[in-house]
Structures are given as C-alpha cells and as structure tokens.
Amino acid sequence: MVDTTVDRLEPYRVELTGYCYRMLGSGFEAEDAVQETLLRGWRSLDRYDERRASLRTWLYRIATNVCLDMLRGARRRALAMDLSGPSRAGAEIGAPATERAWVQPVPDDLVLPADGGPEEQAVRRETIRLAFVAVLQHLPPRQRAVLILRDVLCWRAEEVADLLGTTVAAVTSALQRARTTLRAAGVTPGEPLRPDDRAQRDLLARYCDAFERHDVTALVAMLHEDATISMPPFRWWIRGRAEIRQALLAPGTCEGARLVPVAANGSPAYWQTRPDQDGVHVPFGLVVLDVWQGLVTGSTTYLDPGRLVQLFGPPAQPRPPVGALPAGPPRVTGPIAGRRAAHR
C-alpha cells in the first residue's frame, strides 16, 4: 500500500516544489512544504474523492494550505536592494542578517519539470529568477497564490476559486490587485538561462574567463552601467561600473577563484571556489547572475556554502572548462520520508 501511494504522489514532487518555492522564496522551506504536503496526502489518500477534484488539484490544495500556514506571521524575504540603499566600494560590510531575511536560491532540478517545449521552459525559468521571486514576496500570501496559479501555472479562475474555497469574483479581484502591486514594485529586467542562445553563451564564457584571470577591465566592460553586486547574508551592496571596478581592485578580491557551473534559479549560476591552505578548491559562495541584452546586470553571491552544498550538492568534479553552461547538480532520490533529508 505504501509503495503504491508513493508511486501515485511522487510524480508531482517537482512541480509542487516549484509552486512552494515561488510562494516561500526558499529552496529549503519549499522542500519542507512539499515533504509535509506529500505526507498529508499519503495519510489522507484513502479519503481522497476523485469525483471532486483531480489528484493534482487535491495536492495543490494541500500545498497551498501548508504554505499559508508557514507564511503566517513571517517577515517578507527580500534581496539586498530591497532592504537598504547602495553602499560605497570599500565601506564596512556590516553584520550579517538572518537567513530568514533573504530570498534564497534553489536548484533548477528541484523545481523545474523536465516536460514541456522550449517556450514553456523559458517561462518556467523566468518565474524562478531571484528578481521575480523577490517581487512575489511583496504580495499577501493568498494574493501570491492566486497570481502564481493564474499567471504562472495558467489555472482557470474557476479552478483557483475551488482550490481556495472562494468565488471566481474574489479570485479575479485578488489577481487584479496582485498585478497592480507587481507593476508598482517592478521586476528587474533579466533573461533566464538560454542554453541555445549563442550570444548569451559567448557572454558567459567571456565573463568566466575574465573572472578567473581577474581581468577587472574586461569584467567591467561586460557590466551594465547600473549593474549591482550583493552578497547575502550581508545587507551591503553596490551599484554601477565605477563602484564595482573599485571593489574588484581591492587587494585579495577574487584572485585565484574559479567559477564552476551549477543550475540555479533558471539563471546563469556558478559555484565560486577558492583554494584552501592545501591548495584544494572549496566552495566559497554560490553566484547567480542577471543578464540583459548582452550585458551582466547583477551578481548575487550567497556566502553560506556549507548549507547550500546540502541542497545543491558540491561543485561538479572534474571541473568543467571555463565558461561552460550550467549543468544540473546530482539528484538525490528516495521515498517521501527520505529525499534530501540530510540538511534537516
């Protein structure tokens, strides 16, 4: 009976995790939410009535309730640019904020179903970009659920109303308010990773090459004039080519570091590794890039590698060639009670 139940529920894991990630803004919390969703589903499957809703809809209803419970009283997750004004290069970096303050990265394979054509995959990648997920956090939780279900997952208003136990009119009103809030907040322009885009592939190859040679002039030439750099968990961030150039020229900044591709947030992303005292490269941070119209517009480096390795897996070995496109981290498989449980 247990094996049969797992077989019925497990195929929905990835899309449910994508939904929960957009709701919660954390890969770790999204995993926890889906774990709880599938456990509740397993315990209640004998009471599931397929005449009232499809199994998929039933699981989304459970997942929505789990997320709403987790969001009750929680502070909004954000990016550094949402928390303070820009700093100056060379300024004190300050004390770290708590993990709960930040929109956290997520592995692509955890949240992006493998099915669907190139256009559908591009939309999926776009809606897990850090900037998009950060803007979603401006919405009240139920409005957030409505917008994700309607505009991202393309559910009909009647389906969303049934899932939330409300009316179509209420769903339509909530969607209008959510769209207004998103327009006012503004999503930072950016392109998802496009593996078949030669221009983007060339930009990333040149960026990685310049980074690893610590060629500051070449790096700055590939930046948008208003590009940003941030390093969670610190609130410190800087904007603009001149500030970034000054920061990169500071002694000891990134010399000897390498970039190892990793699939994160539907975006160009890399483990930054640095040599330890024995000369062995170890993870220093996880870098997620924003690119737009042939330039790098932002770089977010998460400086909690020990925790993030538990979610993403370690940098791929042997090291790929410089500028290679990100490849998915190793997947961890297993039954509902055990998948990726090591970080708990």
# chains A, B, ... in the order shown; residues from 1 in each chain; ligands from 1

call {"tool": "residues_around", "arguments": {"residues": "Val220 in chain A", "least_positions_apart": "5", "cutoff": "10 Å", "atoms": "only C-alpha atoms", "output": "compact mmCIF listing (two decimals) with N, CA and C atoms, in the first residue's frame"}}
result
# COMPACT_ATOMS: atom_id res chain seq x y z
N TYR A 207 32.81 36.18 -19.58
CA TYR A 207 32.73 36.63 -18.19
C TYR A 207 33.52 35.68 -17.28
N ALA A 210 37.30 36.10 -17.86
CA ALA A 210 37.83 37.33 -17.27
C ALA A 210 37.85 37.24 -15.74
N ASP A 215 40.71 39.77 -14.58
CA ASP A 215 40.88 40.88 -15.52
C ASP A 215 39.74 41.86 -15.27
N GLU A 225 25.75 49.65 -17.05
CA GLU A 225 26.20 50.83 -16.30
C GLU A 225 25.58 50.90 -14.91
N ALA A 227 24.77 48.06 -13.13
CA ALA A 227 24.89 46.71 -12.58
C ALA A 227 25.05 46.76 -11.06
N GLY A 240 26.75 50.17 -10.05
CA GLY A 240 27.46 50.99 -11.03
C GLY A 240 28.85 50.47 -11.35
N ARG A 241 29.26 50.66 -12.59
CA ARG A 241 30.55 50.16 -13.04
C ARG A 241 31.72 50.70 -12.22
N ALA A 242 31.70 52.01 -11.92
CA ALA A 242 32.82 52.62 -11.21
C ALA A 242 32.99 52.01 -9.82
N ILE A 244 31.85 49.09 -8.77
CA ILE A 244 32.22 47.67 -8.87
C ILE A 244 33.69 47.54 -9.24
N ARG A 245 34.17 48.39 -10.14
CA ARG A 245 35.58 48.34 -10.51
C ARG A 245 36.46 48.58 -9.28
N LEU A 248 36.45 45.49 -7.07
CA LEU A 248 37.20 44.36 -7.63
C LEU A 248 38.70 44.59 -7.57
N LEU A 295 24.58 42.13 -21.62
CA LEU A 295 25.40 42.62 -20.53
C LEU A 295 25.00 41.94 -19.22
N VAL A 296 25.91 41.91 -18.27
CA VAL A 296 25.61 41.41 -16.93
C VAL A 296 25.06 42.57 -16.11

call {"tool": "select_by_dssp", "arguments": {"residues": "range 111-259 of chain A", "states": "alpha helix (DSSP H)", "output": "PyMOL selection string"}}
result
chain A and resi 111+118-126+130-136+141-147+157-164+168-185+198-213+216-221+241-248

call {"tool": "atom_distance", "arguments": {"atom1": "CA of Thr127 in chain A", "atom2": "CA of Gly298 in chain A"}}
result
16.9 Å

call {"tool": "residues_around", "arguments": {"residues": "Ala185 in chain A", "least_positions_apart": "6", "cutoff": "12 Å", "atoms": "only C-alpha atoms", "output": "PyMOL selection string"}}
result
chain A and resi 82+131-139+178-179

call {"tool": "write_last_selection", "arguments": {"atoms": "N, CA and C atoms", "output": "PDB file, in the first residue's frame"}}
result
ATOM      1  N   ASP A  82      16.312  45.497  -1.725  1.00  0.00           N
ATOM      2  CA  ASP A  82      15.023  45.834  -1.122  1.00  0.00           C
ATOM      3  C   ASP A  82      15.165  46.293   0.324  1.00  0.00           C
ATOM      4  N   ALA A 131      14.912  37.841  -9.021  1.00  0.00           N
ATOM      5  CA  ALA A 131      14.191  39.113  -9.049  1.00  0.00           C
ATOM      6  C   ALA A 131      12.685  38.902  -9.074  1.00  0.00           C
ATOM      7  N   PHE A 132      12.220  37.899  -9.827  1.00  0.00           N
ATOM      8  CA  PHE A 132      10.786  37.641  -9.903  1.00  0.00           C
ATOM      9  C   PHE A 132      10.266  37.111  -8.570  1.00  0.00           C
ATOM     10  N   VAL A 133      10.986  36.163  -7.976  1.00  0.00           N
ATOM     11  CA  VAL A 133      10.551  35.589  -6.698  1.00  0.00           C
ATOM     12  C   VAL A 133      10.550  36.664  -5.612  1.00  0.00           C
ATOM     13  N   ALA A 134      11.532  37.570  -5.656  1.00  0.00           N
ATOM     14  CA  ALA A 134      11.578  38.649  -4.669  1.00  0.00           C
ATOM     15  C   ALA A 134      10.367  39.562  -4.789  1.00  0.00           C
ATOM     16  N   VAL A 135       9.944  39.860  -6.011  1.00  0.00           N
ATOM     17  CA  VAL A 135       8.775  40.722  -6.201  1.00  0.00           C
ATOM     18  C   VAL A 135       7.507  40.013  -5.730  1.00  0.00           C
ATOM     19  N   LEU A 136       7.424  38.704  -5.945  1.00  0.00           N
ATOM     20  CA  LEU A 136       6.267  37.959  -5.455  1.00  0.00           C
ATOM     21  C   LEU A 136       6.090  38.110  -3.949  1.00  0.00           C
ATOM     22  N   GLN A 137       7.205  38.262  -3.228  1.00  0.00           N
ATOM     23  CA  GLN A 137       7.123  38.346  -1.769  1.00  0.00           C
ATOM     24  C   GLN A 137       6.441  39.627  -1.296  1.00  0.00           C
ATOM     25  N   HIS A 138       6.250  40.606  -2.199  1.00  0.00           N
ATOM     26  CA  HIS A 138       5.522  41.830  -1.840  1.00  0.00           C
ATOM     27  C   HIS A 138       4.030  41.559  -1.683  1.00  0.00           C
ATOM     28  N   LEU A 139       3.545  40.451  -2.207  1.00  0.00           N
ATOM     29  CA  LEU A 139       2.109  40.179  -2.205  1.00  0.00           C
ATOM     30  C   LEU A 139       1.683  39.491  -0.917  1.00  0.00           C
ATOM     31  N   ALA A 178      -3.046  41.938  -7.234  1.00  0.00           N
ATOM     32  CA  ALA A 178      -1.692  41.396  -7.265  1.00  0.00           C
ATOM     33  C   ALA A 178      -0.909  41.939  -8.453  1.00  0.00           C
ATOM     34  N   ARG A 179      -1.538  41.997  -9.607  1.00  0.00           N
ATOM     35  CA  ARG A 179      -0.860  42.528 -10.795  1.00  0.00           C
ATOM     36  C   ARG A 179      -0.496  44.004 -10.602  1.00  0.00           C
TER      37      ARG A 179
END

call {"tool": "select_by_dssp", "arguments": {"residues": "range 118-260 of chain A", "states": "strand (DSSP E or B)", "output": "ChimeraX atom specification"}}
result
/A:223-230,234,237-239,258-260

call {"tool": "write_last_selection", "arguments": {"atoms": "C-alpha atoms", "output": "PDB file, in the first residue's frame"}}
result
ATOM      1  CA  LEU A 223      28.623  45.098 -16.991  1.00  0.00           C
ATOM      2  CA  HIS A 224      25.572  47.269 -17.471  1.00  0.00           C
ATOM      3  CA  GLU A 225      26.199  50.826 -16.297  1.00  0.00           C
ATOM      4  CA  ASP A 226      23.762  50.270 -13.395  1.00  0.00           C
ATOM      5  CA  ALA A 227      24.887  46.709 -12.581  1.00  0.00           C
ATOM      6  CA  THR A 228      24.695  45.604  -8.947  1.00  0.00           C
ATOM      7  CA  ILE A 229      26.686  43.266  -6.712  1.00  0.00           C
ATOM      8  CA  SER A 230      25.335  41.862  -3.452  1.00  0.00           C
ATOM      9  CA  PHE A 234      25.164  40.919   4.306  1.00  0.00           C
ATOM     10  CA  TRP A 237      25.530  46.051  -1.939  1.00  0.00           C
ATOM     11  CA  ILE A 238      26.926  48.369  -4.581  1.00  0.00           C
ATOM     12  CA  ARG A 239      25.710  49.729  -7.911  1.00  0.00           C
ATOM     13  CA  ARG A 258      37.198  29.750 -10.097  1.00  0.00           C
ATOM     14  CA  LEU A 259      33.638  29.509 -11.386  1.00  0.00           C
ATOM     15  CA  VAL A 260      32.045  26.060 -11.647  1.00  0.00           C
TER      16      VAL A 260
END

call {"tool": "residues_around", "arguments": {"residues": "range 44-60 of chain A", "least_positions_apart": "4", "cutoff": "9 Å", "atoms": "only C-alpha atoms", "output": "PyMOL selection string"}}
result
chain A and resi 5+8-9+12+16+19+37-40+64-65+159+163

call {"tool": "residues_around", "arguments": {"residues": "range 250-253 of chain A", "least_positions_apart": "2", "cutoff": "12 Å", "atoms": "only C-alpha atoms", "output": "PyMOL selection string"}}
result
chain A and resi 89-91+211-216+243-248+255-257+274

call {"tool": "residues_around", "arguments": {"residues": "Pro113 in chain A", "least_positions_apart": "5", "cutoff": "10 Å", "atoms": "only C-alpha atoms", "output": "VMD selection string"}}
result
chain A and resid 11 to 18 108 121 124
